[in-house]
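Participant: Below is model_35.cif; it holds mmCIF, C-alpha atoms.
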data_protein
#
loop_
_atom_site.label_atom_id
_atom_site.label_comp_id
_atom_site.auth_asym_id
_atom_site.auth_seq_id
_atom_site.Cartn_x
_atom_site.Cartn_y
_atom_site.Cartn_z
CA MET A 1 26.71 -37.23 41.42
CA ASP A 2 28.85 -38.81 44.18
CA GLY A 3 30.12 -36.29 46.75
CA ARG A 4 33.44 -38.10 46.95
CA ASN A 5 33.87 -37.73 43.18
CA THR A 6 33.09 -34.02 43.57
CA ASP A 7 35.83 -33.81 46.23
CA ILE A 8 38.34 -35.37 43.83
CA GLY A 9 37.15 -33.04 41.07
CA SER A 10 37.54 -29.88 43.12
CA ARG A 11 41.05 -30.89 44.24
CA LEU A 12 41.95 -31.73 40.63
CA ARG A 13 40.68 -28.37 39.34
CA ARG A 14 42.49 -26.48 42.13
CA LEU A 15 45.79 -28.21 41.32
CA ARG A 16 45.38 -27.69 37.56
CA GLU A 17 44.52 -24.00 37.91
CA ALA A 18 47.33 -23.38 40.43
CA ARG A 19 49.74 -24.62 37.76
CA GLY A 20 48.16 -22.50 35.04
CA ILE A 21 47.39 -25.55 32.88
CA SER A 22 44.36 -25.61 30.59
CA LEU A 23 41.94 -28.52 30.64
CA SER A 24 43.01 -29.45 27.10
CA ALA A 25 46.72 -29.34 27.92
CA LEU A 26 46.33 -31.51 31.03
CA ALA A 27 44.15 -34.03 29.20
CA ARG A 28 46.77 -34.27 26.43
CA SER A 29 49.63 -34.61 28.92
CA ALA A 30 47.78 -37.30 30.92
CA GLY A 31 46.75 -39.18 27.76
CA ILE A 32 43.03 -39.00 28.52
CA GLY A 33 40.11 -37.37 26.75
CA LYS A 34 39.18 -33.77 27.49
CA ALA A 35 35.58 -34.86 28.18
CA THR A 36 36.85 -37.43 30.69
CA LEU A 37 38.94 -34.81 32.49
CA SER A 38 36.05 -32.34 32.48
CA GLY A 39 33.76 -35.03 33.92
CA LEU A 40 36.29 -35.77 36.66
CA GLU A 41 36.54 -32.09 37.59
CA LEU A 42 32.75 -31.78 37.69
CA GLY A 43 32.38 -34.98 39.71
CA THR A 44 30.11 -36.55 37.07
CA ARG A 45 32.57 -39.31 36.10
CA ASN A 46 33.68 -42.20 38.27
CA PRO A 47 37.48 -42.11 38.27
CA THR A 48 39.57 -45.23 37.88
CA LEU A 49 42.90 -45.71 39.59
CA GLU A 50 44.63 -45.75 36.20
CA THR A 51 43.07 -42.41 35.18
CA LEU A 52 43.89 -40.70 38.47
CA TYR A 53 47.49 -41.91 38.32
CA ALA A 54 47.77 -40.52 34.78
CA VAL A 55 46.44 -37.13 35.90
CA ALA A 56 48.57 -37.08 39.07
CA GLY A 57 51.67 -37.90 37.01
CA ALA A 58 50.91 -35.15 34.51
CA LEU A 59 50.44 -32.67 37.37
CA GLY A 60 53.61 -33.89 39.11
CA VAL A 61 51.81 -34.71 42.36
CA PRO A 62 51.32 -37.90 44.37
CA LEU A 63 47.95 -39.64 44.07
CA THR A 64 47.01 -38.55 47.58
CA ALA A 65 46.88 -34.95 46.35
CA LEU A 66 43.73 -36.00 44.44
CA VAL A 67 42.10 -38.49 46.82
CA LEU A 68 42.83 -36.93 50.22
CA GLU A 69 42.25 -33.41 51.51
CA PRO A 70 45.53 -31.98 52.88
CA GLY A 71 45.77 -32.55 56.63
CA SER A 72 43.09 -35.26 56.66
CA PRO A 73 43.84 -38.74 58.06
CA PRO A 74 44.49 -41.52 55.50
CA THR A 75 41.23 -43.23 56.47
CA GLU A 76 39.39 -40.37 54.73
CA ALA A 77 41.05 -41.00 51.36
CA VAL A 78 38.61 -41.70 48.54
CA ARG A 79 38.91 -45.37 47.51
CA VAL A 80 39.33 -45.75 43.78
CA PRO A 81 39.33 -49.20 42.17
CA GLY A 82 41.76 -50.33 39.52
CA ALA A 83 41.51 -53.11 36.95
CA ALA A 84 43.42 -55.59 39.11
CA VAL A 85 44.48 -53.70 42.23
CA THR A 86 42.49 -52.67 45.26
CA ALA A 87 44.65 -50.43 47.42
CA THR A 88 43.99 -48.98 50.86
CA LEU A 89 45.98 -45.95 51.95
CA LEU A 90 47.57 -46.65 55.33
CA GLU A 91 49.72 -43.56 55.83
CA VAL A 92 51.24 -40.53 54.12
CA PHE A 93 54.69 -39.38 55.24
CA GLU A 94 55.84 -35.90 54.30
CA GLU A 95 59.52 -34.98 54.25
CA PRO A 96 61.13 -31.80 52.91
CA THR A 97 62.21 -33.49 49.68
CA ALA A 98 59.59 -36.21 49.15
CA THR A 99 56.14 -37.60 49.92
CA PHE A 100 55.78 -41.28 50.83
CA GLU A 101 52.45 -43.07 50.42
CA LEU A 102 52.10 -46.45 52.17
CA LEU A 103 49.31 -48.67 50.85
CA ARG A 104 47.98 -52.17 51.48
CA MET A 105 47.41 -53.82 48.12
CA ARG A 106 45.31 -56.76 46.90
CA VAL A 107 45.95 -57.90 43.34
CA ARG A 108 43.25 -60.06 41.77
CA PRO A 109 44.32 -63.03 39.62
CA GLY A 110 43.60 -63.17 35.91
CA VAL A 111 43.81 -59.40 35.29
CA VAL A 112 46.74 -57.15 34.43
CA GLN A 113 46.65 -53.60 35.69
CA HIS A 114 48.51 -51.11 33.51
CA SER A 115 49.70 -48.07 35.41
CA PRO A 116 50.78 -44.96 33.51
CA PRO A 117 54.12 -43.31 34.26
CA HIS A 118 54.28 -41.29 37.44
CA ALA A 119 56.12 -37.96 37.64
CA PRO A 120 59.90 -38.05 37.08
CA GLY A 121 61.85 -39.61 39.93
CA VAL A 122 58.96 -41.54 41.52
CA THR A 123 59.91 -44.99 42.83
CA GLU A 124 57.71 -47.87 43.97
CA HIS A 125 58.68 -50.43 46.60
CA VAL A 126 56.58 -53.59 47.12
CA THR A 127 56.80 -56.28 49.78
CA VAL A 128 54.68 -59.38 49.11
CA TYR A 129 52.95 -61.22 51.97
CA ALA A 130 50.86 -63.79 50.08
CA GLY A 131 50.62 -65.05 46.51
CA MET A 132 53.05 -64.43 43.68
CA LEU A 133 53.26 -60.91 42.21
CA ARG A 134 54.48 -59.74 38.83
CA ALA A 135 55.00 -55.97 38.89
CA GLY A 136 57.31 -53.27 37.64
CA PRO A 137 58.19 -51.72 34.30
CA ALA A 138 55.82 -52.98 31.61
CA ASP A 139 58.73 -54.01 29.39
CA ALA A 140 60.63 -55.85 32.18
CA PRO A 141 58.34 -56.80 35.09
CA LEU A 142 59.79 -58.32 38.24
CA LEU A 143 58.56 -61.34 40.24
CA ALA A 144 58.16 -61.50 44.00
CA ALA A 145 57.04 -64.34 46.27
CA PRO A 146 55.92 -64.01 49.89
CA GLY A 147 58.59 -62.31 51.98
CA GLU A 148 60.31 -60.78 48.95
CA HIS A 149 60.72 -57.12 48.02
CA ILE A 150 60.93 -55.50 44.59
CA SER A 151 61.33 -51.85 43.57
CA TRP A 152 61.57 -49.84 40.37
CA GLN A 153 61.56 -46.37 38.85
CA ALA A 154 57.85 -45.73 38.34
CA ASP A 155 58.16 -42.84 35.89
CA VAL A 156 57.65 -45.39 33.10
CA PRO A 157 54.57 -47.47 32.25
CA HIS A 158 54.32 -50.33 34.74
CA ILE A 159 52.08 -53.26 35.55
CA TYR A 160 50.66 -55.33 38.39
CA SER A 161 49.42 -58.91 38.03
CA THR A 162 49.53 -62.23 39.82
CA VAL A 163 51.27 -65.40 38.79
CA GLY A 164 48.94 -68.35 39.25
CA PRO A 165 45.36 -68.61 40.49
CA ASP A 166 45.73 -66.87 43.88
CA GLU A 167 45.46 -63.18 44.70
CA ALA A 168 48.59 -61.42 45.88
CA LEU A 169 48.70 -59.38 49.10
CA ALA A 170 51.41 -56.78 49.52
CA THR A 171 52.38 -53.38 50.81
CA LEU A 172 53.28 -50.65 48.35
CA LEU A 173 55.42 -47.66 49.28
CA ILE A 174 55.44 -44.90 46.67
CA ARG A 175 58.16 -42.25 46.99
CA SER A 176 57.39 -39.03 45.10
CA PRO A 177 60.09 -36.36 45.08
CA ARG A 178 58.81 -32.81 45.52
CA GLN A 179 58.51 -31.07 42.18
CA THR A 180 60.20 -27.66 41.97
#
Go through the file and emit its structure as structure tokens.
Facilitator:
Amino acid sequence: MDGRNTDIGSRLRRLREARGISLSALARSAGIGKATLSGLELGTRNPTLETLYAVAGALGVPLTALVLEPGSPPTEAVRVPGAAVTATLLEVFEEPTATFELLRMRVRPGVVQHSPPHAPGVTEHVTVYAGMLRAGPADAPLLAAPGEHISWQADVPHIYSTVGPDEALATLLIRSPRQT
């Protein structure tokens, strides 16, 4: 059992219980199996980025609520791989009405990462530095070349992939409004 997975699991359980949500109800809402969710809470399953985003969206919290202990520096965030994306948390900005997560992102060529919907009102903002990126709503992805910026409402299924044989390098800013 990986201690970092146990850290994610304990934060996940704390958030779920604070909201009075059963394991079954959260699994259903996140679109994952109850056994998967139980394994995440116990720290016996290796989480994927896609799974954690699904759970965070169902709980109405930013991803950092699962991968980073409150008050800890971003460098202590648990790194979780995705199908195509490797993201490194650079900073978390807290404001009275929203949380902003700033990440450095590498997108591998030849793979499409499917990201589940985030909580209502979440937006994503990407600036590309190298390569060509296709990202945004799964039914209408956007293209961005180096130096270009794209953004979208991320409370719908969305994707990340490259166009061509090269990886894409970008920054990703996720804005999550505070849930009431």
Participant: Find the spatial neighbours of segment 75-83 of chain A, counting all atoms listed in the file, within a cut-off of 8 Å - ignore same-chain residues fewer than 3 positions away - and output them as a list of chain:residue names.
Facilitator: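 Neighbouring residues, sequence-local ones excluded: A:Arg4, A:Ile8, A:Pro47, A:Thr48, A:Leu49, A:Glu50, A:Thr64, A:Val67, A:Leu68, A:Glu69, A:Ser72, A:Thr86, A:Ala87, A:Thr88, A:Leu89, A:Leu90, A:Val111, A:Val112, A:Gln113.
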Participant: Could you take the residues named above and write them with C-alpha atoms, as an mmCIF file, in the coordinates of the input?
Facilitator:
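Final output, again_19.cif:
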data_model
loop_
_atom_site.group_PDB
_atom_site.id
_atom_site.type_symbol
_atom_site.label_atom_id
_atom_site.label_comp_id
_atom_site.auth_asym_id
_atom_site.auth_seq_id
_atom_site.Cartn_x
_atom_site.Cartn_y
_atom_site.Cartn_z
ATOM 1 C CA ARG A 4 33.440 -38.100 46.950
ATOM 2 C CA ILE A 8 38.340 -35.370 43.830
ATOM 3 C CA PRO A 47 37.480 -42.110 38.270
ATOM 4 C CA THR A 48 39.570 -45.230 37.880
ATOM 5 C CA LEU A 49 42.900 -45.710 39.590
ATOM 6 C CA GLU A 50 44.630 -45.750 36.200
ATOM 7 C CA THR A 64 47.010 -38.550 47.580
ATOM 8 C CA VAL A 67 42.100 -38.490 46.820
ATOM 9 C CA LEU A 68 42.830 -36.930 50.220
ATOM 10 C CA GLU A 69 42.250 -33.410 51.510
ATOM 11 C CA SER A 72 43.090 -35.260 56.660
ATOM 12 C CA THR A 86 42.490 -52.670 45.260
ATOM 13 C CA ALA A 87 44.650 -50.430 47.420
ATOM 14 C CA THR A 88 43.990 -48.980 50.860
ATOM 15 C CA LEU A 89 45.980 -45.950 51.950
ATOM 16 C CA LEU A 90 47.570 -46.650 55.330
ATOM 17 C CA VAL A 111 43.810 -59.400 35.290
ATOM 18 C CA VAL A 112 46.740 -57.150 34.430
ATOM 19 C CA GLN A 113 46.650 -53.600 35.690
#
Participant: Residues around (63.3, -39.8, 38.0), cut-off 7 Å, counting all atoms listed in the file - what are they as a list in words?
Facilitator: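 So the residues meeting the distance criterion are Pro120, Gly121, Val122, Gln153 and Asp155 of chain A.
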Participant: Written as a list in words, which residues does the PyMOL selection byres ((chain A and resi 58) around 7) give for the file shown?
Facilitator: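 After applying the PyMOL selection byres ((chain A and resi 58) around 7), what remains is Leu26, Ser29, Ala30, Ala54, Val55, Ala56, Gly57, Leu59, Gly60 and Ala119 of chain A.
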Participant: In the coordinates of the file, take the point (41.7, -61.4, 44.4) and a cut-off of 10 Å; then, counting all atoms listed in the file, name each qualifying protein, DNA or RNA residue as a list in words.
Facilitator: Ala84, Val85, Thr86, Arg106, Val107, Arg108, Pro109, Gly110, Val111, Gly131, Thr162, Pro165, Asp166, Glu167, Ala168 and Leu169 of chain A
Participant: Work out how far atom CA of Leu102 of chain A is from atom CA of Tyr160 of chain A, in Å to one decimal.
Facilitator: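 Distance between the two atoms: 16.5 Å.
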Participant: Using all atoms listed in the file, find the one residue out of A:Pro157, A:Gly39, A:Gly147, A:Pro117 that sits nearest to Ala27 of chain A.
Facilitator: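 Smallest separation from Ala27 of chain A among the options: A:Gly39.
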Participant: Select, from A:Arg134, A:Arg16, A:His125, A:His118, the residue with the minimum atom-to-atom distance to Ile150 of chain A, counting all atoms listed in the file.
Facilitator: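 Closest candidate: A:His125.
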Participant: Choose the residue, out of A:Val92, A:Val163, A:Val156, A:Leu40, that has the smallest atom-to-atom separation from Ala138 of chain A; count only C-alpha atoms.
Facilitator: A:Val156
Participant: Atom CA of Gly31 of chain A and atom CA of Glu91 of chain A are how many Å apart?
Facilitator: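 Value for the atom CA of Gly31 of chain A-atom CA of Glu91 of chain A distance: 28.6 Å.
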Participant: One number please: atom CA of Pro74 of chain A to atom CA of Pro177 of chain A, in Å, one decimal.
Facilitator: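 Computed distance, atom CA of Pro74 of chain A to atom CA of Pro177 of chain A, equals 19.5 Å.
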Participant: List the neighbours of Lys34 of chain A out to 8 Å using only C-alpha atoms; skip same-chain residues closer than 6 positions along the sequence, and give me the result as a PyMOL selection string.
Facilitator: chain A and resi 23-24+27-28
Participant: Could you state which residues are captured by the PyMOL selection byres ((chain A and resi 174) around 6) in this file, as a PyMOL selection string?
Facilitator: chain A and resi 100-101+123-124+173+175
Participant: Val128 of chain A: which residues within 8 Å, counting all atoms listed in the file, same-chain residues fewer than 5 positions away excluded, as a list in words?
Facilitator: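 Close residues of Val128 of chain A: Leu133, Ala144, Ala145, Pro146, Gly147, Glu148, His149, Ala168, Leu169, Ala170 and Thr171 of chain A.
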Participant: Hey, which of A:Pro116, A:Gly43, A:Gly33, A:Gly20 ends up closest to Thr6 of chain A? Count only C-alpha atoms.
Facilitator: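 Smallest separation from Thr6 of chain A among the options: A:Gly43.
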Participant: Which residues would end up in the selection if the PyMOL selection byres ((chain A and resi 137) around 8) were applied here, given that I need the answer as a list in words?
Facilitator: Ala135, Gly136, Ala138, Asp139, Ala140, Pro141, Leu142, Trp152, Gln153, Ala154, Val156, Pro157, His158 and Ile159 of chain A
